[in-house]
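Listing of data25.pdb, PDB, C-alpha atoms
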MODEL        1
ATOM      1  CA  MET A  17     102.033 162.686  44.301
ATOM      2  CA  SER A  18      99.542 164.868  46.052
ATOM      3  CA  ASN A  19     100.106 167.218  48.912
ATOM      4  CA  ASN A  20      96.635 168.533  49.656
ATOM      5  CA  ASN A  21      97.543 170.116  52.966
ATOM      6  CA  ASN A  22      96.134 173.586  53.255
ATOM      7  CA  GLU A  23      96.217 176.022  56.128
ATOM      8  CA  ALA A  24      92.469 176.472  55.660
ATOM      9  CA  GLY A  25      92.052 173.070  57.217
ATOM     10  CA  ASN A  26      92.939 174.546  60.599
ATOM     11  CA  SER A  27      90.325 177.259  60.424
ATOM     12  CA  VAL A  28      86.735 176.132  59.995
ATOM     13  CA  LYS A  29      83.703 178.210  60.799
ATOM     14  CA  PRO A  30      82.024 177.614  64.178
ATOM     15  CA  GLY A  31      79.185 175.148  63.701
ATOM     16  CA  ASP A  32      80.836 173.321  60.799
ATOM     17  CA  THR A  33      81.362 169.581  61.094
ATOM     18  CA  PHE A  34      85.028 168.592  61.014
ATOM     19  CA  THR A  35      85.534 165.199  59.367
ATOM     20  CA  VAL A  36      88.516 162.898  59.874
ATOM     21  CA  ALA A  37      88.886 159.766  57.742
ATOM     22  CA  VAL A  38      91.349 157.004  58.625
ATOM     23  CA  ALA A  39      92.629 154.680  55.898
ATOM     24  CA  GLY A  40      95.409 152.171  55.404
ATOM     25  CA  LYS A  41      96.347 148.595  54.729
ATOM     26  CA  GLY A  42      94.795 145.924  56.933
ATOM     27  CA  GLY A  43      96.893 144.989  59.957
ATOM     28  CA  THR A  44      98.554 148.382  60.368
ATOM     29  CA  GLY A  45      96.434 149.384  63.371
ATOM     30  CA  LYS A  46      94.034 151.581  61.399
ATOM     31  CA  THR A  47      91.065 150.905  63.670
ATOM     32  CA  THR A  48      93.152 151.386  66.803
ATOM     33  CA  VAL A  49      94.306 154.771  65.519
ATOM     34  CA  SER A  50      90.667 155.668  64.783
ATOM     35  CA  GLY A  51      89.739 154.714  68.332
ATOM     36  CA  LEU A  52      92.609 156.728  69.799
ATOM     37  CA  VAL A  53      91.635 159.818  67.796
ATOM     38  CA  ILE A  54      88.033 159.478  68.991
ATOM     39  CA  ARG A  55      89.229 158.991  72.577
ATOM     40  CA  GLU A  56      91.304 162.182  72.377
ATOM     41  CA  LEU A  57      88.491 164.270  70.890
ATOM     42  CA  VAL A  58      86.132 163.113  73.654
ATOM     43  CA  ARG A  59      88.777 163.719  76.322
ATOM     44  CA  ARG A  60      89.196 167.317  75.183
ATOM     45  CA  GLU A  61      85.464 167.994  75.521
ATOM     46  CA  ILE A  62      85.488 170.284  72.479
ATOM     47  CA  GLY A  63      82.376 169.004  70.762
ATOM     48  CA  SER A  64      80.160 166.048  69.978
ATOM     49  CA  VAL A  65      81.691 163.127  68.061
ATOM     50  CA  LEU A  66      80.105 160.697  65.615
ATOM     51  CA  ALA A  67      82.216 157.595  64.972
ATOM     52  CA  ILE A  68      81.434 155.711  61.770
ATOM     53  CA  ASP A  69      82.733 152.175  61.363
ATOM     54  CA  ALA A  70      82.892 151.853  57.580
ATOM     55  CA  ASP A  71      84.953 148.649  57.731
ATOM     56  CA  PRO A  72      82.976 145.454  56.935
ATOM     57  CA  ASN A  73      85.055 143.707  59.605
ATOM     58  CA  SER A  74      83.388 145.900  62.185
ATOM     59  CA  ASN A  75      85.244 146.043  65.513
ATOM     60  CA  LEU A  76      85.544 149.753  66.276
ATOM     61  CA  ASN A  77      82.652 149.278  68.694
ATOM     62  CA  GLU A  78      84.815 147.044  70.880
ATOM     63  CA  LEU A  79      87.480 149.743  71.211
ATOM     64  CA  LEU A  80      84.789 152.280  72.106
ATOM     65  CA  GLY A  81      82.943 150.013  74.549
ATOM     66  CA  PHE A  82      79.713 149.735  72.517
ATOM     67  CA  GLU A  83      77.424 146.811  71.720
ATOM     68  CA  ILE A  84      76.232 146.815  68.095
ATOM     69  CA  ASN A  85      72.450 146.893  67.684
ATOM     70  CA  GLY A  86      72.364 146.807  63.886
ATOM     71  CA  THR A  87      74.272 147.872  60.787
ATOM     72  CA  ILE A  88      73.603 149.744  57.561
ATOM     73  CA  GLY A  89      74.302 146.502  55.697
ATOM     74  CA  GLN A  90      71.417 144.796  57.481
ATOM     75  CA  LEU A  91      69.232 147.822  56.867
ATOM     76  CA  GLU A  92      70.046 147.737  53.156
ATOM     77  CA  ALA A  93      68.877 144.134  52.927
ATOM     78  CA  LYS A  94      65.510 145.069  54.420
ATOM     79  CA  PHE A  95      65.314 148.120  52.195
ATOM     80  CA  ASN A  96      65.367 145.841  49.136
ATOM     81  CA  ARG A  97      62.285 144.013  50.395
ATOM     82  CA  ALA A  98      59.307 146.245  49.778
ATOM     83  CA  ASP A  99      57.138 144.303  52.247
ATOM     84  CA  ASP A 100      59.322 145.592  55.106
ATOM     85  CA  VAL A 101      58.280 149.198  54.421
ATOM     86  CA  PRO A 102      55.090 150.104  56.340
ATOM     87  CA  ALA A 103      52.052 151.094  54.311
ATOM     88  CA  GLY A 104      51.751 154.834  53.918
ATOM     89  CA  MET A 105      55.487 155.470  54.471
ATOM     90  CA  SER A 106      57.880 156.226  51.644
ATOM     91  CA  LYS A 107      61.068 154.189  51.349
ATOM     92  CA  LYS A 108      63.081 157.370  51.860
ATOM     93  CA  ARG A 109      61.281 158.245  55.095
ATOM     94  CA  TRP A 110      61.459 154.638  56.302
ATOM     95  CA  ILE A 111      65.201 154.356  55.806
ATOM     96  CA  GLU A 112      65.811 157.707  57.505
ATOM     97  CA  TYR A 113      63.835 156.479  60.512
ATOM     98  CA  LYS A 114      65.697 153.164  60.623
ATOM     99  CA  LEU A 115      69.075 154.826  60.185
ATOM    100  CA  GLN A 116      68.430 157.003  63.224
ATOM    101  CA  GLN A 117      67.689 153.848  65.235
ATOM    102  CA  LEU A 118      71.089 152.411  64.308
ATOM    103  CA  ILE A 119      72.993 155.200  66.062
ATOM    104  CA  ILE A 120      74.479 153.919  69.328
ATOM    105  CA  GLU A 121      74.677 156.731  71.861
ATOM    106  CA  GLY A 122      77.390 157.123  74.479
ATOM    107  CA  ARG A 123      79.084 159.728  76.641
ATOM    108  CA  GLY A 124      80.621 162.322  74.334
ATOM    109  CA  LYS A 125      80.412 160.089  71.278
ATOM    110  CA  ASP A 126      77.941 158.136  69.173
ATOM    111  CA  LEU A 127      78.585 155.238  66.796
ATOM    112  CA  LEU A 128      77.137 154.171  63.464
ATOM    113  CA  VAL A 129      78.234 150.831  62.004
ATOM    114  CA  MET A 130      78.221 150.263  58.267
ATOM    115  CA  GLY A 131      78.581 146.483  58.347
ATOM    116  CA  ARG A 132      78.534 144.103  55.403
ATOM    117  CA  GLY A 133      76.172 144.061  52.493
ATOM    118  CA  GLU A 134      74.069 140.923  52.229
ATOM    119  CA  GLY A 135      73.761 139.186  48.883
ATOM    120  CA  PRO A 136      75.420 139.737  45.483
ATOM    121  CA  ASP A 137      76.301 143.271  44.384
ATOM    122  CA  CYS A 138      74.605 144.941  47.319
ATOM    123  CA  TYR A 139      77.671 146.407  48.994
ATOM    124  CA  CYS A 140      77.690 149.344  46.567
ATOM    125  CA  SER A 141      74.127 150.030  47.649
ATOM    126  CA  VAL A 142      75.297 150.105  51.262
ATOM    127  CA  ASN A 143      77.908 152.702  50.306
ATOM    128  CA  ASN A 144      75.259 154.750  48.534
ATOM    129  CA  ILE A 145      73.042 154.737  51.617
ATOM    130  CA  LEU A 146      75.913 155.851  53.819
ATOM    131  CA  ARG A 147      76.956 158.600  51.420
ATOM    132  CA  ASN A 148      73.454 159.946  50.834
ATOM    133  CA  TYR A 149      72.364 160.114  54.452
ATOM    134  CA  LEU A 150      75.651 160.892  56.171
ATOM    135  CA  SER A 151      75.577 164.447  54.825
ATOM    136  CA  ASN A 152      72.382 165.106  56.798
ATOM    137  CA  LEU A 153      73.417 163.156  59.883
ATOM    138  CA  ARG A 154      76.853 164.754  60.221
ATOM    139  CA  ASP A 155      75.345 168.227  60.604
ATOM    140  CA  ASN A 156      74.270 167.193  64.102
ATOM    141  CA  TYR A 157      77.878 166.685  65.258
ATOM    142  CA  ASP A 158      80.987 168.795  65.678
ATOM    143  CA  PHE A 159      83.313 165.955  64.637
ATOM    144  CA  VAL A 160      82.932 162.854  62.472
ATOM    145  CA  VAL A 161      85.611 160.149  62.490
ATOM    146  CA  LEU A 162      85.385 157.455  59.788
ATOM    147  CA  ASP A 163      87.238 154.182  60.200
ATOM    148  CA  ASN A 164      87.372 153.045  56.580
ATOM    149  CA  GLU A 165      87.762 149.529  55.293
ATOM    150  CA  ALA A 166      91.300 148.298  54.743
ATOM    151  CA  GLY A 167      92.805 148.978  51.353
ATOM    152  CA  LEU A 168      91.444 151.198  48.597
ATOM    153  CA  GLU A 169      87.816 150.138  48.098
ATOM    154  CA  HIS A 170      86.309 152.963  50.163
ATOM    155  CA  LEU A 171      88.158 155.494  48.006
ATOM    156  CA  SER A 172      87.311 153.909  44.654
ATOM    157  CA  ARG A 173      83.608 153.901  45.595
ATOM    158  CA  ARG A 174      83.901 157.546  46.693
ATOM    159  CA  THR A 175      82.630 156.764  50.185
ATOM    160  CA  THR A 176      85.438 158.899  51.597
ATOM    161  CA  SER A 177      84.850 162.332  50.099
ATOM    162  CA  GLY A 178      84.372 165.837  51.380
ATOM    163  CA  ILE A 179      86.652 165.332  54.373
ATOM    164  CA  ASP A 180      88.929 167.719  56.226
ATOM    165  CA  VAL A 181      91.724 165.340  57.221
ATOM    166  CA  LEU A 182      92.765 161.993  55.770
ATOM    167  CA  LEU A 183      95.053 159.969  58.027
ATOM    168  CA  THR A 184      96.741 157.130  56.151
ATOM    169  CA  VAL A 185      98.079 154.689  58.728
ATOM    170  CA  CYS A 186     101.040 152.459  58.035
ATOM    171  CA  ASP A 187     103.616 150.562  60.027
ATOM    172  CA  PRO A 188     107.330 150.414  59.100
ATOM    173  CA  ASN A 189     106.618 147.521  56.722
ATOM    174  CA  PRO A 190     107.449 148.388  53.072
ATOM    175  CA  VAL A 191     104.194 146.743  51.933
ATOM    176  CA  ALA A 192     102.179 149.109  54.116
ATOM    177  CA  LEU A 193     104.130 152.083  52.810
ATOM    178  CA  LYS A 194     103.436 151.021  49.199
ATOM    179  CA  ALA A 195      99.740 150.799  50.071
ATOM    180  CA  ALA A 196      99.911 154.327  51.484
ATOM    181  CA  GLU A 197     101.480 155.488  48.228
ATOM    182  CA  ARG A 198      98.673 153.922  46.210
ATOM    183  CA  ILE A 199      96.021 155.570  48.409
ATOM    184  CA  ASP A 200      97.686 158.933  47.840
ATOM    185  CA  GLU A 201      97.704 158.363  44.078
ATOM    186  CA  LEU A 202      94.053 157.323  44.077
ATOM    187  CA  VAL A 203      93.065 160.518  45.882
ATOM    188  CA  ASP A 204      94.456 162.455  42.920
ATOM    189  CA  GLU A 205      93.030 160.115  40.266
ATOM    190  CA  LEU A 206      89.481 160.296  41.599
ATOM    191  CA  GLY A 207      89.580 163.967  42.555
ATOM    192  CA  ILE A 208      88.436 163.162  46.068
ATOM    193  CA  GLU A 209      87.745 166.257  48.178
ATOM    194  CA  ILE A 210      90.332 166.124  50.952
ATOM    195  CA  THR A 211      91.674 169.282  52.570
ATOM    196  CA  ARG A 212      94.671 167.813  54.400
ATOM    197  CA  ASN A 213      96.416 164.516  53.754
ATOM    198  CA  TYR A 214      98.740 163.031  56.363
ATOM    199  CA  LEU A 215     100.755 159.900  56.982
ATOM    200  CA  VAL A 216     100.629 158.322  60.453
ATOM    201  CA  LEU A 217     103.384 155.862  61.355
ATOM    202  CA  ASN A 218     102.044 153.328  63.835
ATOM    203  CA  GLU A 219     103.885 150.997  66.230
ATOM    204  CA  VAL A 220     107.232 152.370  65.178
ATOM    205  CA  PRO A 221     110.558 151.898  66.972
ATOM    206  CA  GLU A 222     112.368 154.911  68.388
ATOM    207  CA  THR A 223     114.734 154.872  65.408
ATOM    208  CA  LEU A 224     113.305 154.047  61.988
ATOM    209  CA  PRO A 225     115.284 151.722  59.720
ATOM    210  CA  GLU A 226     117.094 153.608  56.969
ATOM    211  CA  LYS A 227     115.053 151.917  54.232
ATOM    212  CA  THR A 228     111.827 152.959  55.957
ATOM    213  CA  ARG A 229     113.014 156.552  56.295
ATOM    214  CA  ASP A 230     113.880 156.656  52.605
ATOM    215  CA  MET A 231     110.497 155.277  51.567
ATOM    216  CA  VAL A 232     108.657 157.759  53.789
ATOM    217  CA  ASN A 233     110.618 160.646  52.293
ATOM    218  CA  GLU A 234     109.899 159.421  48.763
ATOM    219  CA  LEU A 235     106.153 159.346  49.439
ATOM    220  CA  GLY A 236     106.040 163.116  49.732
ATOM    221  CA  ILE A 237     103.193 162.963  52.274
ATOM    222  CA  GLU A 238     103.587 164.971  55.456
ATOM    223  CA  VAL A 239     104.077 162.741  58.507
ATOM    224  CA  LEU A 240     101.640 163.921  61.155
ATOM    225  CA  GLY A 241     103.073 161.750  63.907
ATOM    226  CA  ARG A 242     104.635 158.525  65.079
ATOM    227  CA  ILE A 243     102.788 156.246  67.458
ATOM    228  CA  PRO A 244     105.114 153.943  69.409
ATOM    229  CA  LYS A 245     104.333 150.397  70.409
ATOM    230  CA  ASP A 246     102.289 150.620  73.584
ATOM    231  CA  GLU A 247     101.750 147.606  75.816
ATOM    232  CA  ASN A 248      98.955 149.489  77.598
ATOM    233  CA  VAL A 249      96.916 149.459  74.390
ATOM    234  CA  ARG A 250      97.668 145.788  73.823
ATOM    235  CA  GLN A 251      96.623 144.944  77.376
ATOM    236  CA  LEU A 252      93.280 146.695  77.001
ATOM    237  CA  SER A 253      92.691 144.802  73.761
ATOM    238  CA  TRP A 254      93.450 141.436  75.352
ATOM    239  CA  GLU A 255      91.094 142.214  78.219
ATOM    240  CA  ALA A 256      88.372 143.516  75.866
ATOM    241  CA  ARG A 257      88.357 146.888  77.617
ATOM    242  CA  PRO A 258      87.666 150.194  75.801
ATOM    243  CA  LEU A 259      90.352 152.724  74.930
ATOM    244  CA  ALA A 260      88.609 155.239  77.174
ATOM    245  CA  GLU A 261      90.366 153.443  80.060
ATOM    246  CA  LEU A 262      93.807 154.207  78.625
ATOM    247  CA  GLU A 263      95.832 156.530  80.858
ATOM    248  CA  ASP A 264      96.560 159.980  79.411
ATOM    249  CA  ASP A 265     100.308 159.510  79.913
ATOM    250  CA  SER A 266     100.341 156.312  77.894
ATOM    251  CA  PRO A 267     102.858 156.609  74.993
ATOM    252  CA  ALA A 268     100.179 156.016  72.336
ATOM    253  CA  ALA A 269      97.741 158.443  73.968
ATOM    254  CA  GLU A 270     100.378 161.159  74.184
ATOM    255  CA  ALA A 271     101.378 160.682  70.539
ATOM    256  CA  VAL A 272      97.777 160.910  69.322
ATOM    257  CA  SER A 273      97.154 163.947  71.535
ATOM    258  CA  ARG A 274      99.963 165.777  69.742
ATOM    259  CA  MET A 275      98.523 164.723  66.379
ATOM    260  CA  VAL A 276      95.027 165.953  67.203
ATOM    261  CA  GLU A 277      96.461 169.245  68.434
ATOM    262  CA  GLU A 278      97.950 169.727  64.966
ATOM    263  CA  PHE A 279      94.766 169.315  62.946
ATOM    264  CA  VAL A 280      91.874 170.216  65.232
ATOM    265  CA  PRO A 281      90.252 173.526  64.187
ATOM    266  CA  GLU A 282      91.172 176.606  66.195
ATOM    267  CA  SER A 283      87.459 177.306  66.658
ATOM    268  CA  ALA A 284      87.056 173.945  68.412
ATOM    269  CA  LYS A 285      89.988 174.604  70.741
ATOM    270  CA  THR A 286      88.121 177.565  72.221
ATOM    271  CA  LEU A 287      84.730 175.829  72.326
ATOM    272  CA  LYS A 288      85.227 174.473  75.854
ATOM    273  CA  GLN A 289      85.892 177.966  77.183
ATOM    274  CA  LYS A 290      82.591 179.357  75.917
TER     275      LYS A 290
ENDMDL
END
In C-alpha cells, what does this structure look like?
Amino acid sequence: MSNNNNEAGNSVKPGDTFTVAVAGKGGTGKTTVSGLVIRELVRREIGSVLAIDADPNSNLNELLGFEINGTIGQLEAKFNRADDVPAGMSKKRWIEYKLQQLIIEGRGKDLLVMGRGEGPDCYCSVNNILRNYLSNLRDNYDFVVLDNEAGLEHLSRRTTSGIDVLLTVCDPNPVALKAAERIDELVDELGIEITRNYLVLNEVPETLPEKTRDMVNELGIEVLGRIPKDENVRQLSWEARPLAELEDDSPAAEAVSRMVEEFVPESAKTLKQK
C-alpha cells in the first residue's frame, strides 16, 4: 500500500496554490469534513479559498451558507448545444466566460459546484471540463479544497490529480475502512499525483474498538486526526445553519484545527503576518 507522505508537502513556494482533496465512502461525513477544513482555513485568514463541490449530490453549499446559481453539469449540457454559443465567440471562450459566472463569492471563500451531468455518457465530459479549466482557475487562489464524490469514481476518472493532500475520511465501520483501503490502492494503480495521503477518522468514540484499531494499523496510511462526535455540528445541520457559526472550542472544530496545522504550508502560516 502507498505511503506518499513527503516532507516537501509542508513547504510550498509562496504564491503556489495548495490543494486539498477529500474522499471516502458515502455516509462517513466526507462533506462535513470538507466544510470544517474550509471553515478552519478561512478562520486562520492565511489566504483565499476556493471550495469545489465535485459530488453530484451537491450539498457543500449548505454547509458553507451559499445558494447555488448553477453547476458545471448544467453548463456542459448547454455546451453540447451549438446554438447556445453566441455568434463570433469560440466554444472555448464561451465556456470560460460561463464558468467564471458559476463561481459563488463569499467572505474568505468562493464556491464552484460541479453538479450532475445531464443525459447519457455526459458525466465524463463534465469531469473533463472541470479538469481542463480548474488548472487556470486555481491559480487565482491560495487554497483549493475539493469535496469529491463518494466512492472511487473521481479517482478512476482522474479528476483528483495533482493535489498536495488527500484526506480519506472513514468512520469506525469496517466497510468504510475497506473503502479507504481501496482508494489507497487505486492511487497507486493510476499513478495519481498526490504528495501526502492521510486517513481521517470521523465521529469516533474516545476509545476505538480493538478490531477498528487493527484494521487502521493494517491500512498503513498515516492517521492525520480523529474527529469526535459533535452535537454542535449536528445542531447546525438540523437548523440549516453554516459551519461558520460553529464555536472555535467545539470538539470537531478543535480536532480539524489540529489537522490543518499539520498539513498547511509553512509559507501560509506566516502570510497573515506580512
Atomic separation - atom CA of A:Leu128 relative to atom CA of A:Ser74, Å: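 Those two atoms sit 10.4 Å apart.
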Rows by chain and residue number, stretch 180-210 of chain A within 10 Å of stretch 238-247 of chain A, shortest pair, only C-alpha atoms, as CSV:
residue,atom,partner,partner_atom,distance
A:Leu183,CA,A:Leu240,CA,8.3
A:Thr184,CA,A:Val239,CA,9.5
A:Val185,CA,A:Arg242,CA,9.9
A:Cys186,CA,A:Arg242,CA,10.0
A:Asp187,CA,A:Ile243,CA,9.4
d(atom CA of A:Gly40, atom CA of A:Leu262) in Å: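 Result for atom CA of A:Gly40 versus atom CA of A:Leu262: 23.4 Å, one decimal.
Residue nearest A:Glu61, chosen from A:Thr44, A:Asn233, A:Phe159, A:Ser106 and counting all atoms listed in the file: A:Phe159.
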Selection result for the PyMOL selection byres ((chain A and resi 154) around 12) on this file, as an MDAnalysis selection string: chainID A and resid 31:36 64:68 116 119 126:128 146:153 155:162 178:179
A:Arg257 surroundings by all atoms listed in the file, 8 Å radius, close-in-sequence under 6 positions cut, as a PyMOL selection string: chain A and resi 78-79+81
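Of the listed residues A:Leu182, A:Val53, A:Val38, A:Leu206, the one whose atoms come nearest to A:Met275 is A:Val53, with distances taken using only C-alpha atoms.
Straight-line separation from atom CA of A:Arg274 to atom CA of A:Glu83: 29.5 Å.
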Given the PyMOL selection byres ((chain A and resi 213) around 12), the residues it picks as number ranges by chain: A: 17-23, 25, 36-39, 179-185, 196-197, 199-201, 203-204, 208-212, 214-216, 235-240, 279
Among listed residues A:Phe82, A:Thr48, A:Asp230, A:Ile88, nearest A:Gly122 (using all atoms listed in the file): A:Phe82
Rebuild N, CA and C atoms on stretch 176-187 of chain A, as a CSV table (one decimal), keeping the file's coordinate frame?
chain,number,residue,atom,x,y,z
A,176,THR,N,84.7,157.9,50.8
A,176,THR,CA,85.4,158.9,51.6
A,176,THR,C,85.6,160.2,50.8
A,177,SER,N,84.7,161.1,50.8
A,177,SER,CA,84.8,162.3,50.1
A,177,SER,C,84.4,163.5,51.0
A,178,GLY,N,84.8,164.7,50.6
A,178,GLY,CA,84.4,165.8,51.4
A,178,GLY,C,84.9,165.8,52.8
A,179,ILE,N,86.1,165.5,53.0
A,179,ILE,CA,86.7,165.3,54.4
A,179,ILE,C,87.7,166.4,54.6
A,180,ASP,N,87.9,166.7,55.9
A,180,ASP,CA,88.9,167.7,56.2
A,180,ASP,C,90.3,167.1,56.4
A,181,VAL,N,90.4,166.0,57.0
A,181,VAL,CA,91.7,165.3,57.2
A,181,VAL,C,91.7,163.9,56.9
A,182,LEU,N,92.6,163.4,56.0
A,182,LEU,CA,92.8,162.0,55.8
A,182,LEU,C,94.0,161.5,56.5
A,183,LEU,N,93.9,160.6,57.3
A,183,LEU,CA,95.1,160.0,58.0
A,183,LEU,C,95.3,158.6,57.4
A,184,THR,N,96.4,158.4,56.7
A,184,THR,CA,96.7,157.1,56.2
A,184,THR,C,97.7,156.5,57.1
A,185,VAL,N,97.3,155.4,57.7
A,185,VAL,CA,98.1,154.7,58.7
A,185,VAL,C,98.9,153.6,58.1
A,186,CYS,N,100.2,153.6,58.5
A,186,CYS,CA,101.0,152.5,58.0
A,186,CYS,C,102.1,152.2,59.1
A,187,ASP,N,102.5,150.9,59.1
A,187,ASP,CA,103.6,150.6,60.0
A,187,ASP,C,104.9,150.6,59.2
